[in-house]
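Since the structure comes first, as structure tokens, the remarks are kept for the end.
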Amino acid sequence: MDAQERRLVQDCLAGRTDAIERLVRTYQDRLVNAMYRITGCAEDAHDVVQECFLRALERLDTFAGESSLYTWLYRVAVNIALGQKRRRKPLLRLDDELRGGDEDVAEAVERSDPGRFLEQAEQADLVQRALAALAPEFRTVLVLKEIEDQSYQEIAEVLGCPIGTVRSRLHRARAEFRAKIEELTRSGVEFR
């Protein structure tokens, strides 16, 4: 933990609302993006991150500073997301961009070639379907490494497991992900 994070933690522990707001602003977008990849749903990702901040603020006094603040928050969020996945049956949902964010989609279509936009959306849907088909422990490690660009050490800290376990899960996750992409491509899955 660097001096800036240490000061932020101290200010939050002192109950300074401006520090709490700064904490949320600093880490919220990155956490939501990562949790979206893990949960497969924007709504769930926002819920996970909101719960993460609540739990983190309640337990901030237990943060030892052995890792970065982001790594600690990320671990809290991943644990919440995995807990929710275990408690729920998987739900089939439309991509958030297509059901809730009509304004963003309309702006994107206007700014770009509609054919290109559709192709990108199809690719994103294919990736999200393949991710969703992975077991949570494989999906999580793949998101942390490939999307969040975390080191093996950081992933091990987030997941609370040895680096060797991270490496083996990542190897298996990559293999299963490739196989799922090939399967979905062969089956001619259409964008919905």
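Numbering starts fresh at 1 for the residues of each chain in the structure tokens, the chains themselves are lettered A, B, ... in the order given, and ligands are numbered from 1 as they appear.
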Problem - Lys180 in chain A surroundings by only C-alpha atoms, 10 Å radius, close-in-sequence under 3 positions cut, as a PyMOL selection string - result: chain A and resi 126-127+129-134+174-177+183-186
Counting only C-alpha atoms, which residues of range 34-89 of chain A sit at most 9 Å from some atom of range 13-24 of chain A, and what is each one's closest atom pair with its distance in Å to one decimal, listed by chain and rising residue number, as a tab-separated table?
```
residue	atom	partner	partner_atom	distance
A:Phe53	CA	A:Val24	CA	7.4
A:Leu57	CA	A:Leu13	CA	8.0
A:Leu60	CA	A:Leu13	CA	7.0
A:Asp61	CA	A:Leu13	CA	7.0
```
Exercise for the section: Write out as a PyMOL selection string each polymer residue whose atoms come within 9 Å of range 154-158 of chain A, counting only C-alpha atoms; drop sequence neighbours fewer than 3 positions from it. Expected result: chain A and resi 67+71-76+78-79+141+144-145+150-151+161-166
Practice task
Enumerate as number ranges by chain all residues of range 29-70 of chain A assigned to alpha helix (DSSP H) by DSSP on the backbone, naming them with the chain letters and numbers the document uses.
Solution key: A: 29-39, 42-58, 69-70
